[in-house]
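Have a look at the structure below, then the notes.
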Amino acid sequence: MMCGAPSATQPATAETQEIADKVKSQLEEKENQKFSVFKAISFRQQVVAGINFFIKVDVGDDKFVHLRVFKALPHENKPLTLSSYQTNKEQHDELSFF
């Protein structure tokens, strides 16, 4: 199966924030902490059998996390999945494929 290359990094949209908000609890559970700030800053997307979103999120105190969120095809009717994430990122860190 051919997978598309990730798009260029783009500023976050309302949809990006919505996706980040929907997987926030998954990240909080994995990291065992609550984020009072969770602001999507930028994103890339990759079309696979569904879409991988790579999202840079500001979690306050000049700390950032990078999320990889998988959105299944609409007919599969599955929830968004936090596939992977990277913590301890800085604002200038490139949002790369992971």
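The chains in the structure tokens are called A, B, ... from first to last as shown; in each chain the residues are counted from 1, and the ligands are counted from 1 in the order shown.
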Could you pull out the strand (DSSP E or B) residues of chain A, going by DSSP on the backbone, and write them as a ChimeraX atom specification?
/A:10-11,39-48,50-58,64-71,81-89
Got a sec: who's within 6 Å of stretch 15-28 of chain A, counting only C-alpha atoms, leaving out chain neighbours fewer than 4 positions off, as JSON, numbers by chain?
{"A": [32, 33, 34, 40, 82]}
Residues near A:Ser42, cut-off 9 Å, only C-alpha atoms, skip fewer than 6 positions along chain, as a list of chain:residue names:
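Once the adjacent positions are removed, what remains is A:Thr9, A:Gln10, A:Pro11, A:Ala12, A:Thr13, A:Thr16, A:Phe54, A:Ile55, A:Lys56, A:Val57, A:Leu95.
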Looking only at alpha helix (DSSP H) from DSSP on the backbone, list the matching residues of stretch 23-67 of chain A as a VMD selection string.
chain A and resid 23 to 31
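Candidate residues A:Phe97, A:Phe38, A:Tyr85, A:Gln91 were compared for distance to A:Ala5, and the nearest is A:Phe97, using only C-alpha atoms.
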Figure out the distance between atom CA of A:Asp61 and atom CA of A:Glu31, please, to one decimal in Å.
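Computed distance, atom CA of A:Glu31 to atom CA of A:Asp61, equals 16.6 Å.
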Counting only C-alpha atoms, what is within 7 Å of A:Asn88, bar same-chain residues fewer than 4 positions away, as a list in words?
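Skipping anything fewer than 4 positions along the chain leaves Lys63, Phe64 and Val65 of chain A.
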I need the residue nearest A:Lys71 from this list: A:Val47, A:Ser84, A:Val59, A:Glu94. Use only C-alpha atoms for the distance.
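Counting only C-alpha atoms, the residue closest to A:Lys71 is A:Val47.
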Could you check how far atom CA of A:Val48 sits from atom CA of A:Ala8, in Å to one decimal?
15.7 Å
Which residue out of A:Glu90, A:Leu73, A:Glu29, A:Pro6 has the minimum interatomic distance to A:Gln45 when only C-alpha atoms are used?
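Of A:Glu90, A:Leu73, A:Glu29, A:Pro6, the one nearest A:Gln45 is A:Pro6, counting only C-alpha atoms.
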